[in-house]
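Participant: One structure is given below, represented as structure tokens, and several questions about it will come after.
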Amino acid sequence: MYNNMGPQPGMPRPPGNPEPGPFGNPFTGAGSGFIRGGLGAYGERILGSSSEYVQSNISRYFSDPQYYFQVNDQYVRNKLKVVLFPFLHRGHWTRISEPVGGRLSYKPPIYDINAPDLYIPFMAFGTYVVLAGLSLGLNGKFTPEALNWLFVKGLVGWFLQVMLLKVTLLSLGSGEAPLLDIVAYGGYAFAGLCLAGFAKIMWGYSYYALMPWTCLCTGIFLVKTMKRVLFAEVRSYDSSKHHYLLLFLALVQFPLLIWLGNISVNWLL
Amino acid sequence: MTKDFPIPPVVFPTSGSSPATANVQQRRVPTAPYQPPRQSSASSSIPFIPFEIGSAAVSMPAGPFDGTIASSASFGRGVSASFEDEEPLLDELGIHPDQIWKKTRSILNPFRINQTVHKDSDLSGPIFLYLALCLFQLLAGKIQFGVILGWVVVSSIFLYIVFNMLAGRNGNLNLHTCTSLVGYSLLPVVILSAVSLFVPQGAGPVRFVLGAAFVLWATRACSNLVVSLADGGEEHRGLISYACFLIYTLFSLLVIF
């Protein structure tokens, strides 16, 4: 019985034991190596093509965003004076240009008061949202949803400003201004809005005096800026057509800013 | 059976090579599988599974031979780690209460903020402060979990963009550090929320004065930390402070109104 049992269980055991060892390890090693190498090559290809695509698009549609943030305290103060009191700006409105590599470019904001920046528009927009929330709270209508709605309203207003400036430039035969320049010019309107909003919080009746003033100042600022942009871009200068379009640009500021300045959750108001 | 067993060895020394080969094969075949079955059965039982898991994990960097040795070693380590060298649960989760307490205490002093403890950014403290703020708002009757979380994220991204744009090529503030600093500097707003629970809703000027004080405190804390921990922000301290001021004013609006 002992001898009979011994060889019979032993026969199937030997072929079963070595199989999982050599079968599992090479498969795991080969699989991991293949997966790793494949993912690496494929990932590099994807990243390379996407970075090239993004860079080409960035260079095509946007200038360097870094340019618009080269500011300091002095520039911010002086620029705010120019935006809020454009008629007191005694200097010229022309941007300072410098030849770089044969291509015309302008000096950064830190060296040129007339250069557009994006810091003031962003901060003005943020201040506008904060003042809107404060105004809502004082009227007892503050809710986070209302504030989010006013944030969207501000963005829509900014977008309308940019579209207005873009269409004006296109209709005047010049479409070469960089998009970020237009975004910056459109964003300066919020600086005046913040002033009017703050006055409204302090004393309600001063709003009705300051709002038209703000619209007028913003209109003047935009007209003078757009005139310089046109002068820099357009060779021919059709005075009558340009004057009418610039006047239209200034007049549109009144309804647009009044709409933005009316802090309420109603869409049309 | 018994007679057959002793007959082959008797024939082996006396006869030729062919019977000897046959006898050797017969004898070897039963003997060789006798020991391997025990080993195979032992390894194929319960302990075999962790061996395979260990070898599979370790074999990726090393070869099969090294994998075999490493598997037993890792198995041993696993056994010892589960009993002796187990790390505390909070350390494994990446939460360091003592570090959180030191950072929070550094912000509690509004006039002298210790920047060195904030060099290692973490998100556990901000999450804790966020939950505390939501809890106090809940006690005030406002359910604003999603709003506060969304505003924290948007504020961090906003400050991250503004700082790195202002700092230019030298800016090295990463989003993780920025979120950590914005979150920790939310402590004054949390305290404002707690204090506001005891101030009547109708007392407008008192709430505004309180809000202004705590917002300035938070602004000072956040701007000081951001400017000191990241490069390129010293010359733009005022501009960065204004961005921080906007952020914490928004949060204080949630508390005051």
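To be explicit about the labels: the chains of the structure tokens are called A, B, and onward in the order shown, and within each one the residues are counted from 1, while ligands get numbers from 1 in the order they are shown.
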Apply DSSP to the structure's backbone, then extract all residues of stretch 99-218 of chain A labelled helix (DSSP H, G or I) and return them as number ranges by chain.
Facilitator: A: 109-111, 119-138, 144-171, 179-187, 189-202, 206-218
Participant: Could you pull the residues within 8 Å of stretch 218-227 of chain B, counting only C-alpha atoms, minus those fewer than 2 positions along the same chain, as a ChimeraX atom specification?
Facilitator: /B:107,110,113,115,118,178,181-182,185-189,214-216,229-234,237,240-241,244-245,248
Participant: Extract, using only C-alpha atoms, all DNA, RNA and protein residues at most 8 Å from A:Ile96, discarding same-chain residues fewer than 5 positions from it, and format them as a ChimeraX atom specification.
Facilitator: /A:106-107,112,114-115
Participant: For the selection just defined, write its residues with C-alpha atoms to a file, as a CSV table (one decimal), in the first residue's frame.
Facilitator:
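Written file, out_3.csv:
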chain,number,residue,atom,x,y,z
A,106,TYR,CA,6.2,99.1,-27.0
A,107,LYS,CA,7.8,99.7,-23.6
A,112,ASP,CA,5.2,104.1,-20.0
A,114,ASN,CA,0.2,105.2,-21.6
A,115,ALA,CA,0.8,101.5,-21.9
Participant: For stretch 183-186 of chain A, work out the shell of residues within 8 Å, counting only C-alpha atoms and skipping chain neighbours fewer than 5 positions away, then give it as a list in words.
Facilitator: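 Non-adjacent residues within range: Pro116, Asp117, Leu118, Pro121, Trp158, Gln161, Val162, Leu165 and Leu222 of chain A.
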Participant: Restricting the output to all heavy atoms, write the selected residues as a PDB file, in the first residue's frame.
Facilitator:
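File produced: result07.pdb:
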ATOM      1  N   PRO A 116      -1.043  99.917 -21.687  1.00  0.00           N
ATOM      2  CA  PRO A 116      -2.099  99.233 -20.931  1.00  0.00           C
ATOM      3  C   PRO A 116      -1.513  98.139 -20.047  1.00  0.00           C
ATOM      4  O   PRO A 116      -0.476  97.557 -20.364  1.00  0.00           O
ATOM      5  CB  PRO A 116      -2.984  98.637 -22.024  1.00  0.00           C
ATOM      6  CG  PRO A 116      -2.047  98.388 -23.143  1.00  0.00           C
ATOM      7  CD  PRO A 116      -1.024  99.482 -23.098  1.00  0.00           C
ATOM      8  N   ASP A 117      -2.192  97.884 -18.931  1.00  0.00           N
ATOM      9  CA  ASP A 117      -1.783  96.789 -18.051  1.00  0.00           C
ATOM     10  C   ASP A 117      -3.023  95.994 -17.688  1.00  0.00           C
ATOM     11  O   ASP A 117      -4.150  96.426 -17.938  1.00  0.00           O
ATOM     12  CB  ASP A 117      -1.116  97.324 -16.789  1.00  0.00           C
ATOM     13  CG  ASP A 117      -2.122  97.934 -15.844  1.00  0.00           C
ATOM     14  OD1 ASP A 117      -2.801  98.891 -16.253  1.00  0.00           O
ATOM     15  OD2 ASP A 117      -2.259  97.446 -14.715  1.00  0.00           O
ATOM     16  N   LEU A 118      -2.836  94.839 -17.094  1.00  0.00           N
ATOM     17  CA  LEU A 118      -3.960  94.009 -16.698  1.00  0.00           C
ATOM     18  C   LEU A 118      -4.140  93.955 -15.191  1.00  0.00           C
ATOM     19  O   LEU A 118      -5.127  93.388 -14.713  1.00  0.00           O
ATOM     20  CB  LEU A 118      -3.779  92.586 -17.234  1.00  0.00           C
ATOM     21  CG  LEU A 118      -4.141  92.389 -18.698  1.00  0.00           C
ATOM     22  CD1 LEU A 118      -3.810  90.978 -19.134  1.00  0.00           C
ATOM     23  CD2 LEU A 118      -5.609  92.684 -18.919  1.00  0.00           C
ATOM     24  N   PRO A 121      -7.173  96.499 -14.312  1.00  0.00           N
ATOM     25  CA  PRO A 121      -8.478  95.915 -14.654  1.00  0.00           C
ATOM     26  C   PRO A 121      -8.889  94.772 -13.730  1.00  0.00           C
ATOM     27  O   PRO A 121     -10.041  94.715 -13.299  1.00  0.00           O
ATOM     28  CB  PRO A 121      -8.277  95.434 -16.092  1.00  0.00           C
ATOM     29  CG  PRO A 121      -7.286  96.373 -16.647  1.00  0.00           C
ATOM     30  CD  PRO A 121      -6.348  96.668 -15.521  1.00  0.00           C
ATOM     31  N   TRP A 158     -17.846  93.389 -19.117  1.00  0.00           N
ATOM     32  CA  TRP A 158     -16.473  93.470 -19.621  1.00  0.00           C
ATOM     33  C   TRP A 158     -16.416  92.948 -21.060  1.00  0.00           C
ATOM     34  O   TRP A 158     -15.777  93.534 -21.942  1.00  0.00           O
ATOM     35  CB  TRP A 158     -15.561  92.651 -18.712  1.00  0.00           C
ATOM     36  CG  TRP A 158     -14.111  92.999 -18.822  1.00  0.00           C
ATOM     37  CD1 TRP A 158     -13.486  93.679 -19.832  1.00  0.00           C
ATOM     38  CD2 TRP A 158     -13.089  92.682 -17.879  1.00  0.00           C
ATOM     39  NE1 TRP A 158     -12.158  93.798 -19.576  1.00  0.00           N
ATOM     40  CE2 TRP A 158     -11.883  93.205 -18.396  1.00  0.00           C
ATOM     41  CE3 TRP A 158     -13.080  92.020 -16.656  1.00  0.00           C
ATOM     42  CZ2 TRP A 158     -10.676  93.064 -17.716  1.00  0.00           C
ATOM     43  CZ3 TRP A 158     -11.871  91.887 -15.992  1.00  0.00           C
ATOM     44  CH2 TRP A 158     -10.697  92.407 -16.515  1.00  0.00           C
ATOM     45  N   GLN A 161     -17.816  95.459 -23.401  1.00  0.00           N
ATOM     46  CA  GLN A 161     -16.841  96.524 -23.632  1.00  0.00           C
ATOM     47  C   GLN A 161     -15.808  96.095 -24.666  1.00  0.00           C
ATOM     48  O   GLN A 161     -15.479  96.838 -25.601  1.00  0.00           O
ATOM     49  CB  GLN A 161     -16.127  96.876 -22.317  1.00  0.00           C
ATOM     50  CG  GLN A 161     -16.880  97.823 -21.424  1.00  0.00           C
ATOM     51  CD  GLN A 161     -16.631  99.284 -21.774  1.00  0.00           C
ATOM     52  OE1 GLN A 161     -16.286  99.606 -22.904  1.00  0.00           O
ATOM     53  NE2 GLN A 161     -16.820 100.151 -20.810  1.00  0.00           N
ATOM     54  N   VAL A 162     -15.282  94.892 -24.490  1.00  0.00           N
ATOM     55  CA  VAL A 162     -14.251  94.410 -25.407  1.00  0.00           C
ATOM     56  C   VAL A 162     -14.811  94.301 -26.817  1.00  0.00           C
ATOM     57  O   VAL A 162     -14.174  94.692 -27.801  1.00  0.00           O
ATOM     58  CB  VAL A 162     -13.698  93.059 -24.911  1.00  0.00           C
ATOM     59  CG1 VAL A 162     -12.794  92.435 -25.947  1.00  0.00           C
ATOM     60  CG2 VAL A 162     -12.961  93.245 -23.598  1.00  0.00           C
ATOM     61  N   LEU A 165     -15.159  97.825 -28.345  1.00  0.00           N
ATOM     62  CA  LEU A 165     -13.887  98.372 -28.796  1.00  0.00           C
ATOM     63  C   LEU A 165     -13.385  97.647 -30.034  1.00  0.00           C
ATOM     64  O   LEU A 165     -12.861  98.255 -30.969  1.00  0.00           O
ATOM     65  CB  LEU A 165     -12.856  98.279 -27.667  1.00  0.00           C
ATOM     66  CG  LEU A 165     -13.180  99.088 -26.415  1.00  0.00           C
ATOM     67  CD1 LEU A 165     -12.136  98.844 -25.344  1.00  0.00           C
ATOM     68  CD2 LEU A 165     -13.250 100.564 -26.743  1.00  0.00           C
ATOM     69  N   LEU A 222     -11.380 106.547 -23.167  1.00  0.00           N
ATOM     70  CA  LEU A 222     -11.401 105.575 -24.260  1.00  0.00           C
ATOM     71  C   LEU A 222     -11.232 106.256 -25.607  1.00  0.00           C
ATOM     72  O   LEU A 222     -10.560 105.741 -26.501  1.00  0.00           O
ATOM     73  CB  LEU A 222     -12.704 104.770 -24.226  1.00  0.00           C
ATOM     74  CG  LEU A 222     -12.784 103.726 -23.123  1.00  0.00           C
ATOM     75  CD1 LEU A 222     -14.141 103.047 -23.130  1.00  0.00           C
ATOM     76  CD2 LEU A 222     -11.684 102.685 -23.286  1.00  0.00           C
TER      77      LEU A 222
END
Participant: What is the atom CA of A:Phe221-atom CA of A:Gly261 distance in Å, reported with one decimal?
Facilitator: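 So the two atoms, atom CA of A:Phe221 and atom CA of A:Gly261, lie 18.4 Å apart.
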Participant: List the spatial neighbours of stretch 132-144 of chain B as a CSV table (one decimal) with N, CA, C and O atoms, in the first residue's frame - criterion: any atom at most 8 Å away, only C-alpha atoms, same-chain residues fewer than 4 positions off excluded.
Facilitator:
chain,number,residue,atom,x,y,z
B,128,PHE,N,-9.3,72.0,7.8
B,128,PHE,CA,-9.8,72.1,9.2
B,128,PHE,C,-10.4,73.5,9.4
B,128,PHE,O,-11.5,73.6,9.9
B,148,ILE,N,-18.3,78.5,0.2
B,148,ILE,CA,-17.0,78.8,0.8
B,148,ILE,C,-15.9,78.0,0.1
B,148,ILE,O,-14.9,78.6,-0.2
B,189,VAL,N,-10.9,85.2,9.8
B,189,VAL,CA,-12.3,85.2,9.3
B,189,VAL,C,-13.0,84.1,10.1
B,189,VAL,O,-14.2,84.4,10.5
B,190,VAL,N,-12.4,83.0,10.5
B,190,VAL,CA,-13.1,82.0,11.3
B,190,VAL,C,-13.4,82.6,12.7
B,190,VAL,O,-14.5,82.4,13.2
B,193,SER,N,-16.2,84.9,12.4
B,193,SER,CA,-17.5,84.2,12.3
B,193,SER,C,-17.9,83.8,13.7
B,193,SER,O,-19.1,83.8,14.0
B,194,ALA,N,-17.0,83.3,14.5
B,194,ALA,CA,-17.4,82.9,15.9
B,194,ALA,C,-17.8,84.1,16.7
B,194,ALA,O,-18.8,84.0,17.4
B,197,LEU,N,-21.3,85.5,16.2
B,197,LEU,CA,-22.5,84.7,16.7
B,197,LEU,C,-23.1,85.5,17.9
B,197,LEU,O,-24.2,85.3,18.2
B,255,VAL,N,-19.8,86.6,6.3
B,255,VAL,CA,-20.0,86.5,7.7
B,255,VAL,C,-20.9,87.6,8.2
B,255,VAL,O,-21.8,87.4,9.0
Participant: For A:Cys194, please output as an NGL selection string all residues within 8 Å (counting only C-alpha atoms; exclusion window: fewer than 5 positions along the same chain).
Facilitator: :A and (124 or 127-128 or 131)
Participant: Skip A:Gly154 itself and residues of its chain fewer than 4 positions away, then list as JSON, numbers by chain all residues within 12 Å of it, counting only C-alpha atoms.
Facilitator: {"A": [121, 122, 124, 125, 126, 127, 128, 129, 130, 131, 132, 147, 148, 149, 150, 158, 159, 160, 161, 186, 187, 189, 190, 193, 194, 256, 257, 259, 260, 261, 262, 263, 264, 265, 267]}
Participant: For a quick check of understanding, using only C-alpha atoms, which of A:His243, A:Arg77, A:Lys224, A:Lys200 has the smallest distance to chain B?
Facilitator: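 Counting only C-alpha atoms, the residue closest to chain B is A:Arg77.
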Participant: Pull the strand (DSSP E or B) assignments for stretch 99-155 of chain A out of DSSP run on the backbone, and list those residues as a list in words.
Facilitator: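 Restricting stretch 99-155 of chain A to strand (DSSP E or B) produces Pro99, Val100, Arg103, Leu104, Ser105 and Tyr106 of chain A.
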Participant: With only C-alpha atoms as the atoms that count, which of B:Ser156, B:Thr249, B:Thr104, B:Asn172 lies nearest to chain A?
Facilitator: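 Result for the nearest residue to chain A: B:Thr249.
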